[in-house]
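Here is protein-v8.txt, consisting of compact mmCIF, C-alpha atoms:
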```
# COMPACT_ATOMS: atom_id res chain seq x y z
CA MET A 1 44.06 135.99 -36.66
CA LEU A 2 47.75 136.72 -36.27
CA SER A 3 50.03 135.72 -39.09
CA TYR A 4 53.63 134.55 -38.75
CA GLU A 5 55.77 131.49 -39.22
CA TYR A 6 56.40 129.17 -36.30
CA VAL A 7 59.41 126.95 -35.71
CA LYS A 8 60.16 124.77 -32.71
CA THR A 9 63.57 123.17 -32.59
CA GLY A 10 65.83 121.66 -29.98
CA ASN A 11 68.97 122.59 -31.89
CA LEU A 12 70.72 125.76 -30.69
CA GLN A 13 72.80 126.21 -33.86
CA GLU A 14 69.59 126.21 -35.90
CA VAL A 15 68.12 128.76 -33.49
CA PHE A 16 71.05 131.13 -34.03
CA LYS A 17 70.66 130.85 -37.81
CA LEU A 18 66.93 131.45 -37.64
CA LEU A 19 67.35 134.43 -35.29
CA GLU A 20 69.39 136.14 -38.01
CA SER A 21 67.20 134.98 -40.89
CA ARG A 22 64.61 137.80 -40.78
CA GLU A 23 64.24 141.22 -39.28
CA HIS A 24 61.45 140.45 -36.81
CA VAL A 25 62.15 137.12 -35.12
CA TYR A 26 60.75 136.64 -31.64
CA PRO A 27 61.88 133.85 -29.32
CA LEU A 28 59.04 132.24 -27.38
CA ALA A 29 59.63 131.09 -23.79
CA GLY A 30 56.60 131.76 -21.57
CA GLY A 31 54.87 133.96 -24.13
CA THR A 32 52.98 136.02 -21.56
CA ASP A 33 54.41 139.32 -22.80
CA LEU A 34 54.82 138.21 -26.41
CA ILE A 35 51.22 137.16 -27.02
CA VAL A 36 49.78 140.27 -25.34
CA GLY A 37 52.21 142.42 -27.33
CA MET A 38 51.27 140.76 -30.62
CA ARG A 39 47.60 141.21 -29.99
CA GLY A 40 48.09 144.84 -29.04
CA GLY A 41 50.18 145.51 -32.14
CA LYS A 42 53.39 146.19 -30.21
CA PHE A 43 55.16 143.18 -31.75
CA ALA A 44 54.70 142.05 -35.35
CA PRO A 45 56.78 138.89 -35.70
CA GLU A 46 57.58 137.33 -39.05
CA LEU A 47 58.82 134.26 -37.23
CA ILE A 48 58.19 132.89 -33.75
CA LEU A 49 60.93 130.64 -32.51
CA ASP A 50 59.64 128.32 -29.79
CA LEU A 51 62.57 127.59 -27.46
CA LYS A 52 60.87 125.08 -25.21
CA ASP A 53 62.71 122.04 -26.63
CA ILE A 54 66.18 123.50 -25.99
CA GLU A 55 67.79 121.62 -23.12
CA GLU A 56 70.58 124.20 -22.71
CA LEU A 57 68.00 126.75 -21.47
CA LYS A 58 66.38 124.56 -18.82
CA GLU A 59 68.93 124.42 -16.01
CA LEU A 60 68.02 125.45 -12.47
CA ARG A 61 70.84 124.66 -10.10
CA GLU A 62 73.05 125.77 -7.28
CA ASP A 63 76.78 125.05 -7.41
CA LYS A 64 79.94 126.54 -5.94
CA LYS A 65 79.56 129.62 -8.18
CA GLY A 66 76.04 130.43 -7.07
CA ILE A 67 72.50 129.97 -8.35
CA THR A 68 71.87 129.69 -12.09
CA ILE A 69 68.39 130.04 -13.55
CA GLY A 70 67.88 128.96 -17.17
CA ALA A 71 65.85 131.02 -19.60
CA LEU A 72 62.99 128.51 -19.68
CA VAL A 73 62.55 128.21 -15.90
CA THR A 74 59.16 129.61 -14.86
CA LEU A 75 58.69 132.19 -12.14
CA ASN A 76 56.72 129.73 -10.00
CA GLU A 77 59.62 127.27 -10.21
CA ILE A 78 62.00 129.98 -9.01
CA CYS A 79 59.66 130.96 -6.15
CA LEU A 80 59.81 127.38 -4.86
CA PHE A 81 63.51 126.63 -5.49
CA LYS A 82 65.01 126.00 -2.06
CA PRO A 83 68.44 127.59 -2.64
CA VAL A 84 66.62 130.79 -3.71
CA LEU A 85 64.33 130.74 -0.68
CA ASP A 86 67.22 129.99 1.69
CA ASN A 87 69.81 132.42 0.33
CA ILE A 88 68.20 135.12 -1.79
CA PRO A 89 64.53 135.28 -0.77
CA ILE A 90 64.29 138.82 -2.20
CA LEU A 91 64.39 137.25 -5.66
CA SER A 92 61.56 134.91 -4.75
CA GLU A 93 59.55 137.97 -3.62
CA GLY A 94 60.25 139.75 -6.90
CA CYS A 95 59.25 136.70 -8.96
CA HIS A 96 56.15 136.26 -6.84
CA SER A 97 55.10 139.86 -7.52
CA VAL A 98 54.73 139.24 -11.25
CA GLY A 99 51.19 138.84 -12.57
CA SER A 100 49.17 136.05 -11.04
CA TYR A 101 49.71 132.39 -10.14
CA MET A 102 48.66 131.34 -13.67
CA ILE A 103 50.93 133.88 -15.35
CA ARG A 104 53.84 132.67 -13.20
CA ASN A 105 53.22 129.09 -14.38
CA ARG A 106 54.28 130.26 -17.87
CA ALA A 107 56.32 133.43 -17.46
CA THR A 108 60.11 133.29 -17.12
CA ILE A 109 62.66 135.56 -15.47
CA ALA A 110 64.62 135.77 -18.73
CA GLY A 111 61.47 136.98 -20.48
CA ASN A 112 60.88 139.50 -17.72
CA ILE A 113 64.28 141.10 -18.23
CA CYS A 114 64.35 140.72 -22.05
CA ASN A 115 61.05 142.58 -22.25
CA ALA A 116 63.06 145.24 -20.38
CA SER A 117 60.17 147.10 -18.85
CA PRO A 118 61.57 149.57 -16.30
CA ALA A 119 58.80 148.20 -14.05
CA ALA A 120 59.89 144.53 -14.34
CA ASP A 121 59.34 143.08 -10.88
CA THR A 122 62.34 140.78 -10.97
CA SER A 123 64.70 143.59 -11.97
CA ALA A 124 65.10 145.52 -8.72
CA PRO A 125 65.94 142.35 -6.74
CA LEU A 126 68.38 141.27 -9.48
CA TYR A 127 70.05 144.73 -9.33
CA CYS A 128 70.44 144.38 -5.55
CA LEU A 129 71.98 140.95 -6.01
CA ASP A 130 74.39 142.09 -8.79
CA ALA A 131 73.04 139.29 -10.96
CA VAL A 132 74.82 138.31 -14.14
CA VAL A 133 73.04 137.66 -17.44
CA ASN A 134 74.60 134.84 -19.47
CA ILE A 135 74.14 135.43 -23.19
CA ILE A 136 74.61 132.85 -25.92
CA GLY A 137 74.99 133.32 -29.66
CA SER A 138 76.68 131.85 -32.72
CA ASP A 139 79.92 133.57 -31.67
CA GLY A 140 79.90 131.88 -28.27
CA THR A 141 78.88 133.06 -24.86
CA ARG A 142 79.32 136.30 -22.94
CA SER A 143 78.07 137.63 -19.63
CA VAL A 144 76.94 141.10 -18.63
CA ARG A 145 75.80 142.55 -15.32
CA VAL A 146 72.06 142.95 -15.11
CA ASP A 147 72.36 146.76 -14.88
CA GLU A 148 74.24 146.70 -18.19
CA PHE A 149 71.61 144.43 -19.70
CA PHE A 150 68.78 146.97 -19.36
CA THR A 151 69.57 149.74 -21.86
CA GLY A 152 66.24 151.57 -22.11
CA PRO A 153 62.48 151.05 -22.00
CA GLY A 154 61.90 147.79 -23.90
CA LYS A 155 65.57 147.70 -24.91
CA ASN A 156 68.26 145.27 -23.80
CA ALA A 157 71.89 144.49 -24.52
CA LEU A 158 71.20 141.49 -26.76
CA LYS A 159 72.64 141.73 -30.26
CA LYS A 160 70.89 140.26 -33.29
CA GLY A 161 71.21 136.50 -33.14
CA GLU A 162 71.74 136.29 -29.38
CA LEU A 163 69.63 134.79 -26.63
CA VAL A 164 69.68 134.92 -22.86
CA GLN A 165 70.79 131.47 -21.75
CA SER A 166 70.51 131.98 -18.02
CA ILE A 167 70.84 134.34 -15.10
CA THR A 168 73.34 133.74 -12.31
CA VAL A 169 73.40 135.14 -8.79
CA LEU A 170 76.98 134.69 -7.68
CA LYS A 171 78.21 133.80 -4.23
CA PRO A 172 78.80 135.17 -1.66
CA TYR A 173 75.09 135.53 -0.98
CA PRO A 174 74.01 138.56 1.04
CA GLU A 175 74.26 138.20 4.78
CA GLY A 176 71.18 140.01 5.88
CA ARG A 177 67.59 140.60 5.04
CA GLY A 178 66.13 141.60 1.71
CA ILE A 179 62.69 142.93 0.93
CA TYR A 180 60.81 143.85 -2.24
CA PHE A 181 57.90 146.28 -2.10
CA LYS A 182 55.59 146.64 -5.05
CA ALA A 183 53.19 149.55 -5.15
CA SER A 184 50.42 148.87 -7.63
CA ARG A 185 46.81 149.82 -8.21
CA THR A 186 45.49 146.31 -7.52
CA GLY A 187 46.61 143.43 -5.34
CA SER A 188 47.75 141.30 -8.24
CA VAL A 189 48.18 141.24 -12.01
CA ASP A 190 48.82 145.01 -12.42
CA LEU A 191 52.31 146.24 -13.29
CA ALA A 192 54.30 148.02 -10.61
CA THR A 193 53.60 151.72 -10.10
CA VAL A 194 57.00 151.54 -8.44
CA GLY A 195 59.04 148.59 -7.18
CA VAL A 196 61.58 149.01 -4.39
CA ALA A 197 64.15 146.39 -3.41
CA VAL A 198 66.31 146.81 -0.31
CA GLN A 199 68.96 144.24 0.62
CA SER A 200 71.23 144.48 3.65
CA TRP A 201 74.73 142.96 3.55
CA GLY A 202 75.93 143.08 7.13
CA GLU A 203 76.26 146.79 7.90
CA ARG A 204 75.90 147.77 4.27
CA VAL A 205 72.81 148.09 2.11
CA LYS A 206 71.85 147.96 -1.55
CA VAL A 207 68.73 149.67 -2.86
CA ALA A 208 67.24 149.31 -6.35
CA ILE A 209 64.08 150.78 -7.79
CA GLY A 210 61.88 150.01 -10.76
CA ALA A 211 59.45 152.18 -12.77
CA VAL A 212 61.11 155.50 -11.88
CA ALA A 213 63.53 155.92 -14.81
CA PRO A 214 64.05 154.53 -18.34
CA THR A 215 65.63 151.45 -16.76
CA PRO A 216 65.60 150.10 -13.21
CA VAL A 217 68.13 152.06 -11.11
CA ARG A 218 70.30 151.62 -8.03
CA ALA A 219 69.67 154.31 -5.39
CA LEU A 220 73.36 155.14 -5.02
CA SER A 221 72.78 158.35 -3.05
CA VAL A 222 70.93 156.39 -0.40
CA GLU A 223 73.50 153.60 -0.42
CA ASN A 224 76.40 156.06 -0.07
CA ALA A 225 74.78 157.89 2.82
CA VAL A 226 74.32 154.62 4.72
CA ASN A 227 77.42 152.71 3.64
CA GLU A 228 80.04 155.48 3.43
CA TYR A 229 78.77 158.18 5.81
CA GLY A 230 77.10 155.96 8.39
CA GLU A 231 73.71 157.62 8.16
CA LYS A 232 71.42 155.88 10.66
CA ASP A 233 68.41 158.15 10.33
CA TRP A 234 66.53 156.17 7.72
CA SER A 235 64.17 159.08 6.93
CA LYS A 236 67.13 161.28 6.01
CA ALA A 237 68.75 158.51 3.98
CA ALA A 238 65.51 157.73 2.17
CA ALA A 239 64.95 161.40 1.26
CA LEU A 240 68.13 161.28 -0.82
CA VAL A 241 66.47 158.87 -3.26
CA ASN A 242 65.15 161.90 -5.16
CA ASN A 243 68.66 162.30 -6.59
CA ASP A 244 68.59 158.83 -8.10
CA ILE A 245 65.24 158.74 -9.89
CA SER A 246 63.48 160.58 -12.70
CA PRO A 247 59.91 159.30 -12.71
CA ILE A 248 57.28 160.29 -15.24
CA THR A 249 53.52 160.64 -15.05
CA ASP A 250 51.61 157.84 -16.75
CA LEU A 251 48.34 156.00 -16.37
CA ARG A 252 49.51 154.30 -13.17
CA ALA A 253 50.58 157.35 -11.18
CA SER A 254 51.80 160.93 -11.36
CA ARG A 255 55.45 161.86 -11.21
CA GLU A 256 54.87 163.54 -7.82
CA TYR A 257 53.19 160.48 -6.36
CA ARG A 258 56.08 158.29 -7.51
CA TYR A 259 58.61 160.60 -5.81
CA HIS A 260 56.55 160.39 -2.63
CA ILE A 261 55.87 156.66 -2.54
CA VAL A 262 59.46 155.72 -3.42
CA GLU A 263 60.79 157.72 -0.48
CA VAL A 264 58.28 156.06 1.85
CA LEU A 265 59.10 152.55 0.60
CA VAL A 266 62.86 153.10 0.77
CA ARG A 267 62.52 154.26 4.37
CA ARG A 268 60.37 151.22 5.22
CA GLY A 269 62.82 148.97 3.46
CA LEU A 270 65.73 150.38 5.46
CA GLU A 271 63.78 149.96 8.69
CA LYS A 272 62.91 146.36 7.90
CA THR A 273 66.33 145.29 6.69
CA MET A 274 68.70 147.45 8.76
CA GLY A 275 66.71 147.59 12.00
CA VAL A 276 64.68 150.50 13.43
CA MET B 1 44.72 132.76 -43.15
CA SER B 2 47.67 131.55 -41.26
CA GLU B 3 49.38 128.22 -41.74
CA LYS B 4 48.01 125.13 -39.98
CA ILE B 5 49.97 122.54 -38.03
CA THR B 6 48.76 119.10 -36.98
CA ILE B 7 48.86 118.63 -33.21
CA SER B 8 48.15 115.61 -31.02
CA PHE B 9 47.04 116.03 -27.44
CA THR B 10 44.69 114.78 -24.74
CA VAL B 11 41.59 116.78 -23.92
CA ASN B 12 39.55 115.80 -20.87
CA GLY B 13 40.99 112.29 -21.04
CA GLU B 14 40.43 111.73 -24.79
CA ASN B 15 43.26 111.52 -27.32
CA GLU B 16 42.80 113.93 -30.21
CA THR B 17 44.68 114.88 -33.37
CA ARG B 18 43.63 118.14 -34.98
CA GLU B 19 44.89 120.97 -37.10
CA ALA B 20 45.55 124.26 -35.34
CA ALA B 21 46.32 127.58 -36.97
CA VAL B 22 49.73 128.98 -36.15
CA GLY B 23 48.27 132.36 -35.19
CA GLN B 24 45.56 130.94 -32.95
CA THR B 25 45.48 131.11 -29.17
CA LEU B 26 44.67 128.03 -27.13
CA LEU B 27 41.53 129.84 -25.94
CA SER B 28 40.26 130.27 -29.50
CA PHE B 29 41.15 126.66 -30.32
CA ILE B 30 39.24 125.36 -27.29
CA ARG B 31 36.13 127.41 -28.01
CA ASP B 32 36.02 127.57 -31.81
CA ASP B 33 37.60 124.23 -32.83
CA LEU B 34 36.92 121.90 -29.91
CA HIS B 35 33.59 123.65 -29.24
CA LEU B 36 34.18 123.52 -25.50
CA THR B 37 32.60 126.85 -24.65
CA GLY B 38 32.71 126.45 -20.88
CA THR B 39 36.12 128.13 -21.04
CA LYS B 40 35.31 131.83 -21.21
CA SER B 41 36.92 134.65 -23.10
CA GLY B 42 37.30 137.78 -20.98
CA CYS B 43 40.14 140.27 -21.23
CA GLU B 44 42.34 138.18 -23.57
CA ILE B 45 45.45 139.73 -22.01
CA GLY B 46 45.94 137.43 -19.03
CA GLU B 47 44.39 139.69 -16.42
CA CYS B 48 40.95 138.21 -15.67
CA GLY B 49 41.40 134.42 -15.51
CA ALA B 50 38.06 133.56 -17.17
CA CYS B 51 39.95 131.41 -19.69
CA THR B 52 41.85 129.33 -17.10
CA VAL B 53 42.46 125.71 -18.08
CA LEU B 54 44.87 123.07 -16.80
CA LEU B 55 47.77 122.31 -19.12
CA ASN B 56 49.66 119.23 -17.90
CA GLY B 57 47.89 119.77 -14.58
CA LYS B 58 48.93 123.40 -14.16
CA PRO B 59 46.53 126.33 -14.39
CA VAL B 60 47.32 128.71 -17.24
CA ASN B 61 45.58 131.57 -19.01
CA SER B 62 44.60 129.91 -22.30
CA CYS B 63 44.55 133.36 -23.95
CA LEU B 64 48.33 133.55 -23.39
CA VAL B 65 49.19 130.15 -24.87
CA LEU B 66 49.41 129.37 -28.58
CA ALA B 67 47.15 126.54 -29.74
CA ILE B 68 50.11 124.78 -31.34
CA GLU B 69 51.85 124.64 -27.96
CA LEU B 70 49.19 122.09 -26.98
CA ASN B 71 51.02 119.45 -29.04
CA GLY B 72 51.95 116.48 -26.85
CA LYS B 73 50.23 117.91 -23.79
CA GLU B 74 47.28 117.13 -21.60
CA LEU B 75 44.42 119.65 -21.45
CA LEU B 76 41.69 119.73 -18.83
CA THR B 77 38.77 122.12 -19.21
CA ILE B 78 35.69 122.65 -17.06
CA GLU B 79 33.80 120.12 -19.22
CA GLY B 80 36.23 117.41 -18.09
CA LEU B 81 35.40 117.66 -14.38
CA SER B 82 32.06 115.88 -14.12
CA LYS B 83 32.16 112.09 -14.37
CA ASN B 84 29.16 110.04 -15.60
CA GLY B 85 26.80 112.94 -15.10
CA GLU B 86 28.03 113.56 -11.57
CA LEU B 87 29.48 116.95 -10.75
CA ASP B 88 32.96 117.36 -9.34
CA LYS B 89 32.88 118.22 -5.63
CA LEU B 90 34.09 121.74 -6.44
CA GLN B 91 31.25 122.30 -8.89
CA GLN B 92 28.74 121.03 -6.33
CA GLU B 93 30.13 123.25 -3.55
CA PHE B 94 30.06 126.31 -5.81
CA ILE B 95 26.34 125.61 -6.37
CA ASP B 96 25.66 124.92 -2.70
CA HIS B 97 27.37 128.17 -1.63
CA ALA B 98 25.91 130.19 -4.52
CA ALA B 99 29.54 131.19 -5.14
CA PHE B 100 28.68 133.37 -8.16
CA GLN B 101 26.15 135.82 -9.46
CA CYS B 102 26.63 136.11 -13.20
CA GLY B 103 28.81 132.97 -13.35
CA TYR B 104 31.16 134.17 -16.06
CA CYS B 105 34.31 133.76 -13.93
CA THR B 106 33.15 130.44 -12.45
CA PRO B 107 34.78 127.94 -14.88
CA GLY B 108 38.13 129.71 -14.49
CA MET B 109 37.75 129.91 -10.72
CA ILE B 110 36.94 126.20 -10.51
CA MET B 111 39.90 125.22 -12.71
CA SER B 112 42.30 127.25 -10.55
CA ALA B 113 40.74 125.71 -7.43
CA LYS B 114 40.99 122.22 -8.94
CA ALA B 115 44.74 122.62 -9.42
CA LEU B 116 45.07 124.06 -5.93
CA LEU B 117 43.40 121.04 -4.31
CA GLU B 118 45.66 118.74 -6.31
CA ARG B 119 48.79 120.35 -4.91
CA LYS B 120 47.38 121.34 -1.50
CA PRO B 121 44.48 119.17 -0.39
CA ASP B 122 43.83 121.29 2.72
CA PRO B 123 44.38 124.93 1.71
CA ASN B 124 44.15 127.91 4.06
CA ASP B 125 42.91 131.40 3.11
CA GLU B 126 46.36 132.47 2.01
CA ASP B 127 46.76 129.44 -0.27
CA ILE B 128 43.38 130.13 -1.83
CA ASN B 129 44.13 133.84 -2.34
CA GLU B 130 47.43 132.94 -3.98
CA ALA B 131 45.90 130.30 -6.25
CA LEU B 132 43.05 132.59 -7.34
CA SER B 133 45.20 135.73 -7.60
CA GLY B 134 44.60 135.78 -11.35
CA ASN B 135 40.86 135.06 -11.29
CA LEU B 136 38.69 138.15 -11.05
CA CYS B 137 35.03 138.06 -10.00
CA ARG B 138 33.38 141.38 -10.78
CA CYS B 139 30.21 140.37 -8.93
CA GLY B 140 32.33 140.11 -5.80
CA ALA B 141 31.51 136.56 -4.72
CA TYR B 142 34.98 136.01 -3.26
CA GLN B 143 33.83 135.10 0.26
CA GLU B 144 31.49 132.40 -1.03
CA ILE B 145 34.12 131.15 -3.46
CA ARG B 146 36.62 130.72 -0.64
CA ALA B 147 34.03 128.94 1.51
CA ALA B 148 33.10 126.61 -1.38
CA ILE B 149 36.74 125.65 -1.94
CA LYS B 150 37.28 124.99 1.77
CA ASP B 151 34.20 122.78 1.97
CA ALA B 152 35.20 120.91 -1.18
CA ALA B 153 38.60 120.27 0.43
CA LYS B 154 36.87 118.56 3.36
CA LYS B 155 35.21 115.98 1.09
```

Representation of the structure as structure tokens:
Amino acid sequence: MLSYEYVKTGNLQEVFKLLESREHVYPLAGGTDLIVGMRGGKFAPELILDLKDIEELKELREDKKGITIGALVTLNEICLFKPVLDNIPILSEGCHSVGSYMIRNRATIAGNICNASPAADTSAPLYCLDAVVNIIGSDGTRSVRVDEFFTGPGKNALKKGELVQSITVLKPYPEGRGIYFKASRTGSVDLATVGVAVQSWGERVKVAIGAVAPTPVRALSVENAVNEYGEKDWSKAAALVNNDISPITDLRASREYRYHIVEVLVRRGLEKTMGV
Amino acid sequence: MSEKITISFTVNGENETREAAVGQTLLSFIRDDLHLTGTKSGCEIGECGACTVLLNGKPVNSCLVLAIELNGKELLTIEGLSKNGELDKLQQEFIDHAAFQCGYCTPGMIMSAKALLERKPDPNDEDINEALSGNLCRCGAYQEIRAAIKDAAKK
């Protein structure tokens, strides 16, 4: 049986103190990565800090700034939140691609990005939406862009003693269609072999890709070709994605296959969002 | 041995107060402490769905929940479905359709289906596929499982 201390508190100040009290303190939100990681020996917590009583992490709202999703909101709750479905459905698709229905009843978007897998399904949509990660700690709050939050495989921009409070997608929302493609070995539960998000904003497009580099990446070569040089041949634009990615071979796919499938999915994404 | 915490909860309609080890999963607590062995242990990493139970009415992988998180919550396992010796309509339809071969995935399948019928009394194929996306049947009885759920929905 696993051995660690467990504390559940509704007091944020106490949480900050406890986060700094030992070397290996793990916050618990959904637990779907944490418990698997503990069992597999990837995480060895001295203390598990259950956050589920902390009201400050539970908000899910739309206001004049945009849509804010608290760290304890589950992926299934996001999938069904009307402002998300109406304005940024690409995020709902990304959330819906994670795990299975049961996993999504527990798992959170904050956990998905804190775990910082380059294959995180919510990441590519969040990159396309220029989402902001709101961080809270004993020194106060700060916000970073989601592409600054991912710093490497399994690494994020949180400092010791900090937590993700929420994620905000700011207005204006994209005017246009967004789509998230997940290539994986099975229809559900498996991690993404690659994940491709394409979001049109009027005549412009944003493209982000997961599982092809140490962090999720924006396909800036593709975006430039379309947005700055008016490329309308989506095959030609999609071929440029090779400049933006550096995939590796692992148990899910070879490097070569990832290069191939990403180009195909970017082209399809451009066709679907920008018109054939 | 890890520390124990006293938790109070409802299991299959009965109030209970027990001690749970801090390092224990809900799956282990259900099987080893509550002795409700209808909930199956499969992959223990949230991929197979054999350990599905309803926590406050929502299906979850009990292998991915800590036992101590049960405190203050309502747990429904496969043992809680039949009433006075009478099977739940889902259990009966699974039998009538022979919606299994080895049966190992069946309790998890039925718990996912139970939650589905609660939120969508008349599900279509897509609803069923979505609800059972985390329940694997290695015997491949999916067609019969879908038919059983649809017929249960009609009753």

Practice item. May I ask which of the residues A:Val276, A:Ala157, A:Ala208, A:Leu51 is the closest one to chain B, counting all atoms listed in the file? Key: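 Checking each candidate against chain B, we get A:Leu51 as the closest.
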
Build an axis-aligned box that encloses every atom of region 69-73 of chain A listed in the file, pad it by 8 Å on each side, and report its centre and edge lengths in Å to one decimal, as AutoDock Vina command-line options.
```
--center_x 65.5 --center_y 129.6 --center_z -16.6 --size_x 21.8 --size_y 18.8 --size_z 22.1
```

Contact check, chain B to chain A, at most 7 Å, counting all atoms listed in the file, closest pairs as JSON lines:
```
{"residue": "B:Ser2", "atom": "CA", "partner": "A:Ser3", "partner_atom": "CA", "distance": 5.3}
{"residue": "B:Val22", "atom": "CA", "partner": "A:Tyr6", "partner_atom": "CA", "distance": 6.7}
{"residue": "B:Gly23", "atom": "CA", "partner": "A:Leu2", "partner_atom": "CA", "distance": 4.5}
{"residue": "B:Gln24", "atom": "CA", "partner": "A:Met1", "partner_atom": "CA", "distance": 6.4}
{"residue": "B:Ile45", "atom": "CA", "partner": "A:Val36", "partner_atom": "CA", "distance": 5.5}
{"residue": "B:Glu47", "atom": "CA", "partner": "A:Val189", "partner_atom": "CA", "distance": 6.0}
{"residue": "B:Pro59", "atom": "CA", "partner": "A:Met102", "partner_atom": "CA", "distance": 5.5}
{"residue": "B:Val60", "atom": "CA", "partner": "A:Met102", "partner_atom": "CA", "distance": 4.6}
{"residue": "B:Asn61", "atom": "CA", "partner": "A:Met102", "partner_atom": "CA", "distance": 6.2}
{"residue": "B:Leu64", "atom": "CA", "partner": "A:Thr32", "partner_atom": "CA", "distance": 5.6}
{"residue": "B:Val65", "atom": "CA", "partner": "A:Gly31", "partner_atom": "CA", "distance": 6.9}
{"residue": "B:Glu130", "atom": "CA", "partner": "A:Tyr101", "partner_atom": "CA", "distance": 6.6}
{"residue": "B:Ala131", "atom": "CA", "partner": "A:Tyr101", "partner_atom": "CA", "distance": 5.8}
{"residue": "B:Ser133", "atom": "CA", "partner": "A:Ser100", "partner_atom": "CA", "distance": 5.3}
{"residue": "B:Gly134", "atom": "CA", "partner": "A:Ser100", "partner_atom": "CA", "distance": 4.6}
```

What does the file look like for those residues with C-alpha atoms, as a tab-separated table (two decimals), in the coordinates of the input?
```
chain	number	residue	atom	x	y	z
B	2	SER	CA	47.67	131.55	-41.26
B	22	VAL	CA	49.73	128.98	-36.15
B	23	GLY	CA	48.27	132.36	-35.19
B	24	GLN	CA	45.56	130.94	-32.95
B	45	ILE	CA	45.45	139.73	-22.01
B	47	GLU	CA	44.39	139.69	-16.42
B	59	PRO	CA	46.53	126.33	-14.39
B	60	VAL	CA	47.32	128.71	-17.24
B	61	ASN	CA	45.58	131.57	-19.01
B	64	LEU	CA	48.33	133.55	-23.39
B	65	VAL	CA	49.19	130.15	-24.87
B	130	GLU	CA	47.43	132.94	-3.98
B	131	ALA	CA	45.90	130.30	-6.25
B	133	SER	CA	45.20	135.73	-7.60
B	134	GLY	CA	44.60	135.78	-11.35
```

Review point. Which polymer residues have any atom within 6 Å of an atom of region 108-116 of chain B, counting all atoms listed in the file, with same-chain residues fewer than 3 positions away left out, as a PyMOL selection string?
Key: chain B and resi 49-53+59+105+119-120

Check your understanding: Got a sec: who's within 9 Å of Val11 (chain B), counting only C-alpha atoms, leaving out chain neighbours fewer than 5 positions off, as a list in words?
Key -> Glu16, Lys73, Glu74, Leu75, Leu76, Thr77 and Gly80 of chain B

Check your understanding: Quick one: distance from CA of Ile135 (chain A) to CA of Ala71 (chain A) in Å, one decimal?
Key ->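 That distance, rounded to one decimal, is 10.1 Å.
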
Study note, to complete from the structure: Of B:Ser28, B:Gln91, B:Gly38, B:Tyr104, the one nearest to Ser62 (chain B) when counting only C-alpha atoms is B:Ser28

Point to revise | Local residues around (73.2, 156.3, -1.6), at most 10 Å away, using all atoms listed in the file, as a list in words | key: Val205, Lys206, Val207, Arg218, Ala219, Leu220, Ser221, Val222, Glu223, Asn224, Ala225, Val226, Asn227, Glu228, Tyr229, Glu231, Ala237, Ala238, Leu240, Val241, Asn243 and Asp244 of chain A

Review point. Can you tell me, as a ChimeraX atom specification, what residues are no more than 9 Å from region 251-262 of chain A when counting all atoms listed in the file, ignoring any on the same chain fewer than 2 positions away?
Key: /A:183-185,191-196,209,211-212,238,241-242,245-249,264-267

Review point. Neighbours of Ala124 (chain A) within 12 Å (all atoms listed in the file; same-chain residues fewer than 2 positions away dropped), as a PyMOL selection string?
Key: chain A and resi 90-95+97+112-113+116-122+126-131+146-147+150+178-182+192+194-199+206-212+215-219

Exercise for review: Can you work out the spacing between CA of Ile67 (chain A) and CA of Val169 (chain A) in Å, to one decimal?
Suggested key: 5.3 Å

Exercise for review: Excluding Trp201 (chain A) and residues on its chain fewer than 2 positions from it, collect all residues at most 7 Å away from it, counting all atoms listed in the file, and give them as number ranges by chain.
Suggested key: A: 174-176, 199, 203-205

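As for CA of Gly269 (chain A) and CA of Arg177 (chain A), they are spaced 9.8 Å apart.
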
What would region 37-44 of chain B look like with N, CA and C atoms restored, written as a PDB file, in the coordinates of the input?
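Resulting contents of rebuild02.pdb:
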```pdb
ATOM      1  N   THR B  37      32.811 125.420 -24.919  1.00  0.00           N
ATOM      2  CA  THR B  37      32.600 126.850 -24.650  1.00  0.00           C
ATOM      3  C   THR B  37      32.443 127.166 -23.167  1.00  0.00           C
ATOM      4  N   GLY B  38      32.700 126.166 -22.316  1.00  0.00           N
ATOM      5  CA  GLY B  38      32.710 126.450 -20.880  1.00  0.00           C
ATOM      6  C   GLY B  38      33.874 127.353 -20.515  1.00  0.00           C
ATOM      7  N   THR B  39      34.972 127.247 -21.245  1.00  0.00           N
ATOM      8  CA  THR B  39      36.120 128.130 -21.040  1.00  0.00           C
ATOM      9  C   THR B  39      35.761 129.487 -21.632  1.00  0.00           C
ATOM     10  N   LYS B  40      35.814 130.524 -20.792  1.00  0.00           N
ATOM     11  CA  LYS B  40      35.310 131.830 -21.210  1.00  0.00           C
ATOM     12  C   LYS B  40      36.410 132.747 -21.710  1.00  0.00           C
ATOM     13  N   SER B  41      36.017 133.622 -22.616  1.00  0.00           N
ATOM     14  CA  SER B  41      36.920 134.650 -23.100  1.00  0.00           C
ATOM     15  C   SER B  41      36.571 135.962 -22.398  1.00  0.00           C
ATOM     16  N   GLY B  42      37.553 136.516 -21.690  1.00  0.00           N
ATOM     17  CA  GLY B  42      37.300 137.780 -20.980  1.00  0.00           C
ATOM     18  C   GLY B  42      38.163 138.878 -21.536  1.00  0.00           C
ATOM     19  N   CYS B  43      39.290 139.140 -20.853  1.00  0.00           N
ATOM     20  CA  CYS B  43      40.140 140.270 -21.230  1.00  0.00           C
ATOM     21  C   CYS B  43      41.054 139.942 -22.405  1.00  0.00           C
ATOM     22  N   GLU B  44      41.381 138.669 -22.564  1.00  0.00           N
ATOM     23  CA  GLU B  44      42.340 138.180 -23.570  1.00  0.00           C
ATOM     24  C   GLU B  44      43.734 138.783 -23.435  1.00  0.00           C
TER      25      GLU B  44
END
```
